[in-house]
$ cat upload.cif   # mmCIF, C-alpha atoms and all ligand atoms
data_run
loop_
_atom_site.label_atom_id
_atom_site.label_comp_id
_atom_site.auth_asym_id
_atom_site.auth_seq_id
_atom_site.Cartn_x
_atom_site.Cartn_y
_atom_site.Cartn_z
CA MET A 27 8.07 -4.01 -19.19
CA THR A 28 9.27 -1.37 -21.67
CA LEU A 29 7.56 1.92 -21.03
CA PRO A 30 5.82 3.85 -23.78
CA ALA A 31 7.39 7.08 -25.03
CA PHE A 32 6.94 9.96 -22.64
CA ASP A 33 6.40 12.77 -25.09
CA ASP A 34 2.90 14.00 -24.45
CA GLY A 35 4.07 17.23 -22.86
CA ALA A 36 3.13 16.13 -19.33
CA PRO A 37 5.74 17.10 -16.73
CA ALA A 38 5.47 13.82 -14.85
CA ARG A 39 3.73 10.47 -14.82
CA ALA A 40 3.41 7.33 -12.73
CA VAL A 41 3.35 4.23 -14.88
CA VAL A 42 1.66 1.31 -13.11
CA ASP A 43 2.63 -2.12 -14.43
CA LEU A 44 -0.49 -4.19 -13.83
CA ASP A 45 1.32 -7.36 -14.86
CA ALA A 46 3.62 -6.77 -11.89
CA ILE A 47 0.64 -6.54 -9.53
CA ARG A 48 -0.79 -9.75 -10.99
CA ASP A 49 2.59 -11.50 -10.74
CA ASN A 50 3.17 -10.25 -7.19
CA VAL A 51 -0.16 -11.72 -6.12
CA ARG A 52 0.82 -15.01 -7.79
CA ALA A 53 4.10 -14.95 -5.88
CA LEU A 54 2.27 -14.23 -2.62
CA ARG A 55 -0.10 -17.12 -3.30
CA GLY A 56 3.04 -19.23 -3.59
CA HIS A 57 4.12 -18.03 -0.14
CA ALA A 58 0.71 -18.91 1.33
CA PRO A 59 -0.52 -21.80 -0.82
CA SER A 60 -3.10 -23.12 1.64
CA SER A 61 -4.83 -19.82 2.35
CA ALA A 62 -7.10 -17.56 0.37
CA LEU A 63 -5.66 -14.15 -0.48
CA MET A 64 -7.34 -10.80 0.15
CA ALA A 65 -5.59 -8.05 -1.79
CA VAL A 66 -5.70 -4.81 0.18
CA VAL A 67 -6.56 -1.94 -2.19
CA LYS A 68 -7.28 0.86 0.32
CA ALA A 69 -5.99 4.40 -0.22
CA ASP A 70 -6.52 4.15 -3.98
CA GLY A 71 -4.60 0.91 -4.17
CA TYR A 72 -1.67 2.41 -2.21
CA GLY A 73 -1.63 5.19 -4.81
CA HIS A 74 -1.66 2.83 -7.82
CA GLY A 75 -5.37 3.20 -8.68
CA MET A 76 -7.90 1.12 -6.75
CA LEU A 77 -9.89 -0.47 -9.56
CA PRO A 78 -7.03 -1.38 -11.93
CA ALA A 79 -5.04 -2.72 -8.97
CA ALA A 80 -8.03 -4.77 -7.82
CA ARG A 81 -8.56 -6.29 -11.27
CA ALA A 82 -4.88 -7.14 -11.63
CA ALA A 83 -4.83 -8.72 -8.16
CA LEU A 84 -7.86 -10.86 -9.05
CA ALA A 85 -6.09 -11.95 -12.25
CA GLY A 86 -3.19 -13.08 -10.04
CA GLY A 87 -5.39 -15.25 -7.87
CA ALA A 88 -6.71 -12.98 -5.15
CA THR A 89 -10.25 -14.03 -4.22
CA TRP A 90 -11.01 -11.30 -1.70
CA LEU A 91 -10.49 -7.53 -1.66
CA GLY A 92 -10.01 -5.38 1.43
CA VAL A 93 -10.41 -1.65 1.98
CA ALA A 94 -10.40 0.70 4.96
CA THR A 95 -13.36 3.03 4.46
CA ALA A 96 -17.03 2.74 3.53
CA GLY A 97 -16.51 5.13 0.62
CA GLU A 98 -13.77 2.92 -0.77
CA ALA A 99 -15.91 -0.20 -0.38
CA LEU A 100 -18.89 1.30 -2.19
CA ALA A 101 -16.72 2.69 -5.00
CA LEU A 102 -15.02 -0.69 -5.35
CA ARG A 103 -18.34 -2.52 -5.52
CA ALA A 104 -19.75 -0.02 -8.02
CA GLY A 105 -16.69 -0.06 -10.27
CA LEU A 106 -15.66 -3.69 -10.08
CA GLY A 107 -18.77 -5.37 -11.42
CA ARG A 108 -17.77 -8.64 -9.78
CA GLY A 109 -20.48 -9.67 -7.35
CA ASP A 110 -18.71 -13.00 -6.81
CA VAL A 111 -15.70 -11.37 -5.11
CA PRO A 112 -16.17 -10.65 -1.42
CA VAL A 113 -15.13 -7.16 -0.31
CA LEU A 114 -14.32 -6.39 3.33
CA VAL A 115 -14.30 -2.93 4.91
CA TRP A 116 -12.75 -2.51 8.36
CA LEU A 117 -12.56 1.12 9.44
CA LEU A 118 -16.04 2.42 10.24
CA THR A 119 -17.28 5.18 12.50
CA PRO A 120 -20.69 5.65 14.12
CA GLY A 121 -23.26 6.65 11.52
CA ALA A 122 -21.45 4.75 8.74
CA PRO A 123 -23.79 3.72 5.88
CA PHE A 124 -24.33 0.16 7.14
CA ALA A 125 -27.58 -0.37 5.23
CA GLU A 126 -25.94 0.73 1.99
CA LEU A 127 -22.91 -1.47 2.64
CA VAL A 128 -25.05 -4.52 3.41
CA ALA A 129 -27.24 -3.84 0.36
CA ALA A 130 -24.08 -3.64 -1.78
CA ASP A 131 -22.98 -7.01 -0.39
CA VAL A 132 -19.94 -5.60 1.39
CA ASP A 133 -18.65 -7.58 4.36
CA VAL A 134 -18.57 -5.21 7.33
CA THR A 135 -16.33 -5.21 10.37
CA VAL A 136 -17.39 -4.99 13.97
CA ALA A 137 -14.34 -3.51 15.65
CA ALA A 138 -16.00 -1.76 18.60
CA PRO A 139 -19.08 -2.41 20.76
CA TRP A 140 -21.14 0.42 19.19
CA ALA A 141 -20.93 -1.28 15.79
CA VAL A 142 -23.01 -4.32 16.79
CA GLU A 143 -26.35 -2.53 16.94
CA GLU A 144 -25.52 -0.31 13.94
CA VAL A 145 -24.78 -3.35 11.78
CA ALA A 146 -27.99 -5.02 12.98
CA ALA A 147 -30.02 -1.90 12.17
CA GLY A 148 -28.34 -1.67 8.76
CA ALA A 149 -29.16 -5.30 8.00
CA ARG A 150 -32.80 -4.81 8.97
CA ALA A 151 -33.02 -1.64 6.86
CA ALA A 152 -31.42 -3.38 3.87
CA GLY A 153 -33.65 -6.40 4.31
CA ARG A 154 -30.76 -8.82 4.10
CA VAL A 155 -28.40 -10.73 6.32
CA ALA A 156 -25.25 -8.74 7.10
CA ARG A 157 -21.95 -10.56 6.63
CA VAL A 158 -19.80 -9.58 9.61
CA HIS A 159 -16.13 -9.97 10.44
CA LEU A 160 -15.27 -9.43 14.09
CA LYS A 161 -11.98 -7.61 14.55
CA VAL A 162 -10.30 -8.20 17.87
CA ASP A 163 -7.49 -6.19 19.40
CA THR A 164 -4.75 -8.71 20.20
CA GLY A 165 -2.12 -6.14 21.17
CA LEU A 166 -1.91 -3.45 18.51
CA SER A 167 -4.12 -1.21 20.66
CA ARG A 168 -5.55 0.41 17.57
CA ASN A 169 -8.73 -0.72 15.81
CA GLY A 170 -10.42 -3.84 17.21
CA VAL A 171 -12.64 -4.95 20.08
CA ALA A 172 -10.75 -4.71 23.37
CA HIS A 173 -10.16 -7.87 25.37
CA GLY A 174 -12.49 -6.71 28.13
CA ASP A 175 -15.34 -5.94 25.73
CA LEU A 176 -15.10 -9.22 23.86
CA PRO A 177 -17.47 -11.41 25.93
CA ASP A 178 -20.35 -8.91 25.68
CA VAL A 179 -19.80 -8.25 21.98
CA VAL A 180 -19.63 -11.98 21.24
CA ARG A 181 -22.78 -12.70 23.27
CA ARG A 182 -24.70 -10.03 21.37
CA LEU A 183 -23.34 -11.14 17.96
CA ALA A 184 -24.26 -14.75 18.73
CA ALA A 185 -27.83 -13.69 19.54
CA LEU A 186 -28.16 -11.68 16.30
CA HIS A 187 -26.55 -14.55 14.38
CA ALA A 188 -29.14 -16.95 15.84
CA GLU A 189 -31.93 -14.50 14.96
CA GLY A 190 -30.73 -14.46 11.34
CA VAL A 191 -30.01 -10.73 11.34
CA LEU A 192 -26.33 -11.20 10.65
CA GLN A 193 -23.82 -13.91 10.00
CA VAL A 194 -20.38 -13.88 11.63
CA VAL A 195 -18.29 -15.04 8.68
CA GLY A 196 -14.88 -13.80 9.82
CA LEU A 197 -12.63 -13.23 12.80
CA PHE A 198 -9.49 -11.15 12.37
CA SER A 199 -6.82 -9.05 13.97
CA HIS A 200 -3.81 -7.01 12.89
CA LEU A 201 -0.16 -7.35 13.91
CA ALA A 202 1.91 -4.53 15.41
CA CYS A 203 5.48 -5.64 14.63
CA ALA A 204 5.35 -8.27 11.89
CA ASP A 205 7.98 -6.32 9.94
CA GLU A 206 10.43 -7.09 12.76
CA PRO A 207 10.75 -10.86 12.44
CA GLY A 208 11.15 -12.51 15.83
CA HIS A 209 9.56 -9.64 17.74
CA PRO A 210 8.01 -11.18 20.87
CA SER A 211 4.71 -9.34 20.35
CA ILE A 212 3.97 -11.48 17.27
CA ASP A 213 3.63 -14.70 19.25
CA ARG A 214 1.74 -12.90 22.01
CA GLN A 215 -0.76 -11.59 19.46
CA ALA A 216 -1.08 -15.05 17.88
CA ALA A 217 -1.87 -16.52 21.31
CA ALA A 218 -4.43 -13.80 22.03
CA PHE A 219 -6.03 -14.50 18.66
CA ALA A 220 -6.31 -18.21 19.46
CA GLU A 221 -7.96 -17.27 22.76
CA ALA A 222 -10.47 -15.01 20.99
CA THR A 223 -11.27 -17.88 18.60
CA GLU A 224 -12.15 -19.98 21.65
CA VAL A 225 -14.38 -17.27 23.10
CA LEU A 226 -16.34 -17.27 19.83
CA GLY A 227 -16.45 -21.05 19.69
CA ALA A 228 -17.84 -21.21 23.22
CA ALA A 229 -20.67 -18.94 22.07
CA GLY A 230 -21.36 -21.23 19.11
CA LEU A 231 -19.72 -18.95 16.54
CA HIS A 232 -17.35 -20.65 14.10
CA PRO A 233 -16.33 -18.07 11.47
CA GLN A 234 -15.29 -19.52 8.11
CA VAL A 235 -12.36 -17.15 7.65
CA ARG A 236 -9.85 -16.34 10.37
CA HIS A 237 -7.19 -13.89 9.23
CA LEU A 238 -4.21 -12.22 10.83
CA ALA A 239 -1.36 -11.95 8.31
CA ASN A 240 -0.39 -8.66 6.63
CA SER A 241 2.41 -8.65 4.02
CA ALA A 242 5.19 -9.19 6.53
CA ALA A 243 3.49 -12.17 8.17
CA THR A 244 2.52 -13.57 4.77
CA LEU A 245 6.21 -13.56 3.82
CA THR A 246 7.74 -14.69 7.11
CA ARG A 247 5.18 -16.50 9.29
CA PRO A 248 3.49 -19.41 7.51
CA ASP A 249 2.09 -20.54 10.85
CA LEU A 250 -0.04 -17.37 10.93
CA HIS A 251 -1.54 -17.66 7.46
CA LEU A 252 -4.75 -19.25 8.82
CA ASP A 253 -7.65 -19.27 6.34
CA LEU A 254 -6.77 -16.07 4.53
CA VAL A 255 -3.83 -13.68 4.21
CA ARG A 256 -4.31 -9.93 3.86
CA PRO A 257 -1.28 -8.43 2.08
CA GLY A 258 -1.14 -4.82 0.95
CA ILE A 259 2.29 -3.32 0.26
CA SER A 260 3.71 -6.57 -1.15
CA VAL A 261 0.92 -6.69 -3.76
CA TYR A 262 2.49 -3.50 -5.15
CA GLY A 263 5.95 -5.08 -5.11
CA PHE A 264 7.56 -3.82 -1.93
CA SER A 265 9.16 -5.57 0.94
CA PRO A 266 7.31 -4.49 4.11
CA GLY A 267 10.49 -3.03 5.54
CA PRO A 268 14.30 -2.97 5.52
CA LEU A 269 14.54 -5.86 8.00
CA LEU A 270 12.89 -8.20 5.49
CA GLY A 271 15.34 -7.36 2.70
CA ALA A 272 14.72 -6.47 -0.93
CA PRO A 273 11.48 -7.39 -2.71
CA GLY A 274 13.28 -9.55 -5.29
CA ARG A 275 14.10 -11.98 -2.50
CA TYR A 276 10.39 -12.82 -2.33
CA GLY A 277 9.73 -12.81 -6.07
CA LEU A 278 8.16 -9.35 -5.90
CA ARG A 279 8.78 -6.33 -8.13
CA PRO A 280 7.53 -2.78 -7.66
CA ALA A 281 4.67 -1.95 -9.99
CA MET A 282 5.08 1.80 -10.13
CA THR A 283 7.57 3.91 -12.08
CA PHE A 284 7.55 7.62 -11.23
CA GLN A 285 9.17 9.78 -13.90
CA ALA A 286 9.48 13.41 -14.85
CA ARG A 287 10.97 15.30 -17.77
CA LEU A 288 13.63 17.94 -17.21
CA GLY A 289 12.11 21.39 -17.58
CA ALA A 290 15.44 23.19 -17.97
CA VAL A 291 19.16 22.45 -18.00
CA LYS A 292 21.55 25.32 -17.33
CA GLN A 293 25.01 26.43 -16.27
CA VAL A 294 25.57 27.55 -12.67
CA ALA A 295 28.81 28.94 -11.22
CA ALA A 296 30.83 27.43 -8.37
CA GLY A 297 29.78 28.54 -4.89
CA GLN A 298 26.18 29.19 -5.88
CA GLY A 299 23.35 28.26 -3.52
CA VAL A 300 20.59 26.10 -5.02
CA SER A 301 16.83 26.13 -4.30
CA TYR A 302 15.01 27.61 -1.26
CA GLY A 303 17.20 28.34 1.71
CA HIS A 304 20.38 27.61 -0.28
CA LEU A 305 20.68 24.29 1.55
CA TYR A 306 23.00 23.08 -1.19
CA THR A 307 25.96 24.98 -2.63
CA THR A 308 27.74 24.06 -5.84
CA THR A 309 31.38 23.15 -5.37
CA GLN A 310 32.40 23.80 -8.98
CA ASP A 311 31.09 25.38 -12.17
CA THR A 312 28.37 22.93 -13.04
CA VAL A 313 25.12 22.21 -14.83
CA VAL A 314 21.82 21.92 -12.97
CA GLY A 315 18.63 20.28 -14.13
CA LEU A 316 15.13 21.31 -13.11
CA VAL A 317 12.77 18.43 -12.27
CA PRO A 318 9.13 19.60 -12.32
CA VAL A 319 7.82 17.61 -9.33
CA GLY A 320 7.77 18.46 -5.66
CA TYR A 321 5.89 17.88 -2.44
CA GLY A 322 2.67 18.90 -4.19
CA ASP A 323 3.16 15.70 -6.16
CA GLY A 324 4.10 13.62 -3.13
CA VAL A 325 7.89 13.99 -3.28
CA PRO A 326 8.76 14.26 0.40
CA ARG A 327 10.34 17.56 1.44
CA HIS A 328 12.23 15.58 4.06
CA ALA A 329 14.23 14.13 1.15
CA SER A 330 15.83 17.52 0.42
CA GLY A 331 19.58 17.32 -0.03
CA GLY A 332 22.30 19.53 1.37
CA SER A 333 24.49 19.97 4.39
CA ALA A 334 22.06 17.98 6.54
CA GLY A 335 22.25 14.86 4.39
CA PRO A 336 21.89 13.42 0.92
CA GLY A 337 18.61 14.01 -0.87
CA GLY A 338 16.33 11.52 -2.53
CA PRO A 339 17.81 9.58 -5.47
CA VAL A 340 16.94 10.21 -9.11
CA ALA A 341 18.13 8.15 -12.08
CA VAL A 342 19.25 10.33 -14.98
CA GLY A 343 19.87 9.09 -18.50
CA THR A 344 19.87 5.59 -19.88
CA GLY A 345 22.44 3.01 -20.91
CA GLU A 346 26.12 3.88 -20.44
CA ARG A 347 25.36 7.39 -19.29
CA ALA A 348 22.80 6.38 -16.68
CA ARG A 349 23.61 7.48 -13.15
CA VAL A 350 21.87 8.10 -9.88
CA LEU A 351 22.05 11.63 -8.53
CA ARG A 352 20.72 13.05 -5.28
CA VAL A 353 18.32 15.97 -4.97
CA ALA A 354 20.34 19.19 -4.64
CA GLY A 355 18.77 21.46 -2.03
CA ARG A 356 15.16 21.80 -1.00
CA VAL A 357 12.33 19.84 -2.51
CA CYS A 358 9.82 22.63 -3.30
CA MET A 359 6.07 22.34 -3.83
CA ASP A 360 6.31 21.84 -7.58
CA GLN A 361 9.96 21.28 -8.37
CA LEU A 362 13.37 20.13 -7.32
CA VAL A 363 16.88 20.53 -8.71
CA LEU A 364 19.65 18.08 -9.64
CA ASP A 365 23.34 18.94 -9.91
CA LEU A 366 24.10 17.18 -13.19
CA GLY A 367 27.80 17.97 -12.97
CA PRO A 368 30.15 19.89 -15.27
CA GLY A 369 29.85 18.91 -18.90
CA ALA A 370 26.50 17.20 -18.41
CA ARG A 371 24.97 16.24 -21.71
CA GLU A 372 21.34 16.13 -20.63
CA SER A 373 18.92 18.59 -22.14
CA ALA A 374 15.45 19.89 -21.41
CA GLY A 375 12.85 17.21 -22.09
CA ASP A 376 15.05 14.30 -21.00
CA VAL A 377 13.35 11.77 -18.76
CA VAL A 378 14.46 11.18 -15.19
CA THR A 379 13.20 8.39 -12.96
CA LEU A 380 12.56 9.04 -9.29
CA PHE A 381 11.69 5.44 -8.60
CA GLY A 382 10.92 2.33 -10.55
CA PRO A 383 10.77 -1.46 -10.54
CA SER A 384 14.00 -2.43 -8.81
CA ASP A 385 15.33 -3.70 -5.52
CA GLY A 386 16.59 -0.17 -4.94
CA VAL A 387 19.99 1.52 -5.00
CA ALA A 388 20.45 0.42 -1.39
CA HIS A 389 20.59 -3.13 -2.83
CA GLY A 390 22.82 -2.24 -5.77
CA SER A 391 20.17 -1.55 -8.41
CA ALA A 392 20.79 1.11 -11.05
CA VAL A 393 17.35 2.66 -10.57
CA PRO A 394 16.03 3.82 -7.20
CA ASN A 395 12.83 2.44 -5.77
CA ALA A 396 10.36 3.91 -3.29
CA GLN A 397 12.22 2.30 -0.40
CA ASP A 398 15.28 4.41 -1.30
CA TRP A 399 13.07 7.51 -1.09
CA ALA A 400 11.69 6.27 2.20
CA ASP A 401 15.25 5.91 3.50
CA ALA A 402 16.10 9.45 2.35
CA ALA A 403 12.96 10.91 3.95
CA GLY A 404 12.93 8.87 7.16
CA THR A 405 9.67 7.10 6.35
CA ILE A 406 8.40 3.86 4.78
CA SER A 407 7.77 2.91 1.16
CA TYR A 408 4.03 2.78 1.92
CA GLU A 409 3.96 6.53 2.48
CA ILE A 410 5.99 7.31 -0.64
CA VAL A 411 3.63 5.54 -3.05
CA THR A 412 0.40 6.30 -1.22
CA ARG A 413 1.06 10.03 -1.06
CA LEU A 414 1.90 10.39 -4.73
CA GLY A 415 -0.23 13.37 -5.67
CA ALA A 416 -3.43 13.55 -7.69
CA ARG A 417 -1.55 15.90 -10.05
CA VAL A 418 0.56 12.98 -11.33
CA PRO A 419 -1.32 11.06 -14.03
CA ARG A 420 -1.38 7.30 -13.50
CA VAL A 421 -0.73 5.37 -16.70
CA HIS A 422 -1.87 1.76 -16.38
CA LEU A 423 -0.16 -0.80 -18.58
CA SER A 424 -0.28 -4.52 -19.12
CA ARG A 425 1.56 -6.50 -21.76
CA GLU A 426 -1.50 -7.97 -23.40
CA GLY A 427 -3.58 -4.94 -22.59
CA ASP A 428 -5.93 -7.29 -20.82
CA LEU A 429 -5.68 -5.81 -17.35
CA SER A 430 -5.83 -2.07 -18.01
C1 LIG B 501 -3.40 -1.94 5.55
C2 LIG B 501 -3.82 -3.20 6.19
C3 LIG B 501 -3.32 -4.44 5.73
C4 LIG B 501 -2.19 -4.56 4.74
O1 LIG B 501 -0.97 -4.34 5.40
P1 LIG B 501 0.43 -4.39 4.61
O2 LIG B 501 1.46 -4.16 5.64
O3 LIG B 501 0.37 -3.31 3.59
O4 LIG B 501 0.51 -5.73 4.00
C5 LIG B 501 -3.86 -5.59 6.26
N1 LIG B 501 -4.83 -5.53 7.21
C6 LIG B 501 -5.29 -4.37 7.70
C7 LIG B 501 -6.32 -4.39 8.76
C8 LIG B 501 -4.80 -3.17 7.22
O5 LIG B 501 -5.25 -2.00 7.72
#

$ encode --input "upload.cif" --output "structure tokens"
Amino acid sequence: MTLPAFDDGAPARAVVDLDAIRDNVRALRGHAPSSALMAVVKADGYGHGMLPAARAALAGGATWLGVATAGEALALRAGLGRGDVPVLVWLLTPGAPFAELVAADVDVTVAAPWAVEEVAAGARAAGRVARVHLKVDTGLSRNGVAHGDLPDVVRRLAALHAEGVLQVVGLFSHLACADEPGHPSIDRQAAAFAEATEVLGAAGLHPQVRHLANSAATLTRPDLHLDLVRPGISVYGFSPGPLLGAPGRYGLRPAMTFQARLGAVKQVAAGQGVSYGHLYTTTQDTVVGLVPVGYGDGVPRHASGGSAGPGGPVAVGTGERARVLRVAGRVCMDQLVLDLGPGARESAGDVVTLFGPSDGVAHGSAVPNAQDWADAAGTISYEIVTRLGARVPRVHLSREGDLS
């Protein structure tokens, strides 16, 4: 997609290509043709904007939406205006607004014993049957009912199901190491999930949707797709991790382009330290460019560049003159610096791209992607896009204007 001119005086922007989100979901449906697809739009759609991302995912064939928190679920329900699309919320704490969630027709998760009676009370208060997904811990040791608690929780859920207070519509779990294909824990978790399914069956509970696959399992483990897959990061166009290769390999393309406009371009002498702490020193008379984004905008300070290692990558210029430079010195709260080199022809106002829709410079692309920034900062692409700051305006685009 060609981006609109960036001349509104804003220092930075994140353009979100909603067609890419739609197309990524289509591609993911192709990877899991026999399963329904729940697009995960938690954390403001991994930083892309929850509602636009949700609409684009539905246009691509998602039929479920998933979020982490009650606040996200209620905002999604209120903003989406699509009562026909089931929404699941999975990270709840005691005192969560169960009645409000049930009244809003949000599917709620029981992931710990305390939640059973709170869901039941919420359903009674709302005057309607709660739709419940039971989340079991199959080896992640994070959220989910522990193996030892399962028989009691299932017994109680079966009783409330029989009473008509709630309906157990789903059973799910989450994988610990799906981004490391072949990791032995994946098969162990799959076996534990099958066992949990039997425990429910023995109690007369036969949930319609069993789901286990995140992005990595959606892309690499067709045997774990079950009734529904639950991808997040791949919806936004990223490979779940370096071991799975570049996104293009799976027909995915990153949806977000993060750009800034140079605030100043100026001459600096050889041997001059650059930015806080003088982590970087010029080796020749050169030209530096000021990029008006920093960790206050989500640019990781760990991607500073200097003696300790190369900084995060930034694409400067277009066409013949396009090149990828590395952050020179510390990433500050609001700004960072590039060493544009002697004779640089850039000027203030020129656009630079921190990351965009590509397989990444690590895979030979001319424009960096968020995985390149993750590599430079020692983190994952998820954190790069999700932490993009509120200060950066999101500009949502679609070719026909039908998604934004
Ligand atoms: C975040 C999350 C997902 C999506 O995971 P990705 O690795 O982004 O695909 C799926 N299920 C649960 C329970 C999650 O918390």

$ residues_near_ligand --input "upload.cif" --ligand "ligand LIG 501 (chain B)" --cutoff "10 Å" --atoms "only C-alpha atoms and all ligand atoms" --output "NGL selection string"
:A and (64-69 or 72 or 92-94 or 114-117 or 161 or 169-170 or 198-205 or 237-245 or 255-262 or 264-267 or 407-408)

$ residues_around --input "upload.cif" --residues "range 283-298 of chain A" --least-positions-apart "5" --cutoff "7 Å" --atoms "all atoms listed in the file" --output "ChimeraX atom specification"
/A:37-42,307-318,373-383

$ atom_distance --input "upload.cif" --atom1 "CA of Ala184 in chain A" --atom2 "CA of Gly230 in chain A"
7.1 Å

$ residues_around --input "upload.cif" --residues "His173 in chain A" --least-positions-apart "4" --cutoff "12 Å" --atoms "all atoms listed in the file" --output "list of chain:residue names"
A:Ala137, A:Ala138, A:Pro139, A:Lys161, A:Val162, A:Asp163, A:Thr164, A:Gly165, A:Leu166, A:Ser167, A:Pro177, A:Asp178, A:Val179, A:Val180, A:Ser199, A:Gln215, A:Ala218, A:Phe219, A:Glu221, A:Ala222, A:Val225

$ write_last_selection --input "upload.cif" --atoms "C-alpha atoms" --output "PDB file, keeping the file's coordinate frame"
ATOM      1  CA  ALA A 137     -14.340  -3.510  15.650  1.00  0.00           C
ATOM      2  CA  ALA A 138     -16.000  -1.760  18.600  1.00  0.00           C
ATOM      3  CA  PRO A 139     -19.080  -2.410  20.760  1.00  0.00           C
ATOM      4  CA  LYS A 161     -11.980  -7.610  14.550  1.00  0.00           C
ATOM      5  CA  VAL A 162     -10.300  -8.200  17.870  1.00  0.00           C
ATOM      6  CA  ASP A 163      -7.490  -6.190  19.400  1.00  0.00           C
ATOM      7  CA  THR A 164      -4.750  -8.710  20.200  1.00  0.00           C
ATOM      8  CA  GLY A 165      -2.120  -6.140  21.170  1.00  0.00           C
ATOM      9  CA  LEU A 166      -1.910  -3.450  18.510  1.00  0.00           C
ATOM     10  CA  SER A 167      -4.120  -1.210  20.660  1.00  0.00           C
ATOM     11  CA  PRO A 177     -17.470 -11.410  25.930  1.00  0.00           C
ATOM     12  CA  ASP A 178     -20.350  -8.910  25.680  1.00  0.00           C
ATOM     13  CA  VAL A 179     -19.800  -8.250  21.980  1.00  0.00           C
ATOM     14  CA  VAL A 180     -19.630 -11.980  21.240  1.00  0.00           C
ATOM     15  CA  SER A 199      -6.820  -9.050  13.970  1.00  0.00           C
ATOM     16  CA  GLN A 215      -0.760 -11.590  19.460  1.00  0.00           C
ATOM     17  CA  ALA A 218      -4.430 -13.800  22.030  1.00  0.00           C
ATOM     18  CA  PHE A 219      -6.030 -14.500  18.660  1.00  0.00           C
ATOM     19  CA  GLU A 221      -7.960 -17.270  22.760  1.00  0.00           C
ATOM     20  CA  ALA A 222     -10.470 -15.010  20.990  1.00  0.00           C
ATOM     21  CA  VAL A 225     -14.380 -17.270  23.100  1.00  0.00           C
TER      22      VAL A 225
END

$ residues_around --input "upload.cif" --residues "His74 in chain A" --least-positions-apart "4" --cutoff "8 Å" --atoms "only C-alpha atoms" --output "number ranges by chain"
A: 42, 70, 78-79, 282, 411-412, 420

$ closest_residue --input "upload.cif" --among "A:Gly75, A:Gly367, A:Gly355, A:Gly107" --to "His304 in chain A" --atoms "all atoms listed in the file"
A:Gly355

$ atom_distance --input "upload.cif" --atom1 "CA of Leu102 in chain A" --atom2 "CA of Arg81 in chain A"
10.4 Å

$ residues_around --input "upload.cif" --residues "Ala88 in chain A" --least-positions-apart "5" --cutoff "9 Å" --atoms "only C-alpha atoms" --output "compact mmCIF listing (two decimals) with C-alpha atoms, in the frame of the given file"
# COMPACT_ATOMS: atom_id res chain seq x y z
CA ARG A 48 -0.79 -9.75 -10.99
CA VAL A 51 -0.16 -11.72 -6.12
CA ARG A 52 0.82 -15.01 -7.79
CA ARG A 55 -0.10 -17.12 -3.30
CA ALA A 62 -7.10 -17.56 0.37
CA LEU A 63 -5.66 -14.15 -0.48
CA MET A 64 -7.34 -10.80 0.15
CA ALA A 65 -5.59 -8.05 -1.79
CA ALA A 80 -8.03 -4.77 -7.82
CA ALA A 82 -4.88 -7.14 -11.63
CA ALA A 83 -4.83 -8.72 -8.16

$ residues_around --input "upload.cif" --residues "Val132 in chain A" --least-positions-apart "5" --cutoff "12 Å" --atoms "all atoms listed in the file" --output "ChimeraX atom specification"
/A:90-104,108-116,123-127,145,148-149,152,154-159

$ closest_residue --input "upload.cif" --among "A:Glu346, A:Ala354, A:Thr28, A:Gly87" --to "Ser333 in chain A" --atoms "only C-alpha atoms"
A:Ala354

$ closest_atom_pairs --input "upload.cif" --of "range 258-355 of chain A" --to "range 389-396 of chain A" --cutoff "12 Å" --atoms "only C-alpha atoms" --output "Markdown table"
| residue | atom | partner | partner_atom | distance |
| --- | --- | --- | --- | --- |
| A:Ile259 | CA | A:Ala396 | CA | 11.4 |
| A:Tyr262 | CA | A:Ala396 | CA | 11.0 |
| A:Gly263 | CA | A:Ala396 | CA | 10.2 |
| A:Phe264 | CA | A:Ala396 | CA | 8.3 |
| A:Ser265 | CA | A:Ala396 | CA | 10.5 |
| A:Pro266 | CA | A:Ala396 | CA | 11.6 |
| A:Gly267 | CA | A:Ala396 | CA | 11.2 |
| A:Pro268 | CA | A:His389 | CA | 10.5 |
| A:Gly271 | CA | A:His389 | CA | 8.7 |
| A:Ala272 | CA | A:His389 | CA | 7.0 |
| A:Pro273 | CA | A:His389 | CA | 10.1 |
| A:Gly274 | CA | A:His389 | CA | 10.0 |
| A:Arg275 | CA | A:His389 | CA | 11.0 |
| A:Arg279 | CA | A:Asn395 | CA | 9.9 |
| A:Pro280 | CA | A:Asn395 | CA | 7.7 |
| A:Ala281 | CA | A:Asn395 | CA | 10.2 |
| A:Met282 | CA | A:Ala396 | CA | 8.9 |
| A:Thr283 | CA | A:Asn395 | CA | 8.3 |
| A:Phe284 | CA | A:Asn395 | CA | 9.2 |
| A:Gln285 | CA | A:Pro394 | CA | 11.3 |
| A:Gly324 | CA | A:Ala396 | CA | 11.6 |
| A:Val325 | CA | A:Ala396 | CA | 10.4 |
| A:Pro326 | CA | A:Ala396 | CA | 11.1 |
| A:Ala329 | CA | A:Ala396 | CA | 11.8 |
| A:Gly338 | CA | A:Pro394 | CA | 9.0 |
| A:Pro339 | CA | A:Pro394 | CA | 6.3 |
| A:Val340 | CA | A:Pro394 | CA | 6.7 |
| A:Ala341 | CA | A:Val393 | CA | 5.7 |
| A:Val342 | CA | A:Val393 | CA | 9.0 |
| A:Gly343 | CA | A:Val393 | CA | 10.5 |
| A:Thr344 | CA | A:Ala392 | CA | 9.9 |
| A:Gly345 | CA | A:Ala392 | CA | 10.2 |
| A:Glu346 | CA | A:Ala392 | CA | 11.1 |
| A:Arg347 | CA | A:Ala392 | CA | 11.3 |
| A:Ala348 | CA | A:Ala392 | CA | 8.0 |
| A:Arg349 | CA | A:Ala392 | CA | 7.3 |
| A:Val350 | CA | A:Val393 | CA | 7.1 |
| A:Leu351 | CA | A:Pro394 | CA | 10.0 |
| A:Arg352 | CA | A:Pro394 | CA | 10.5 |
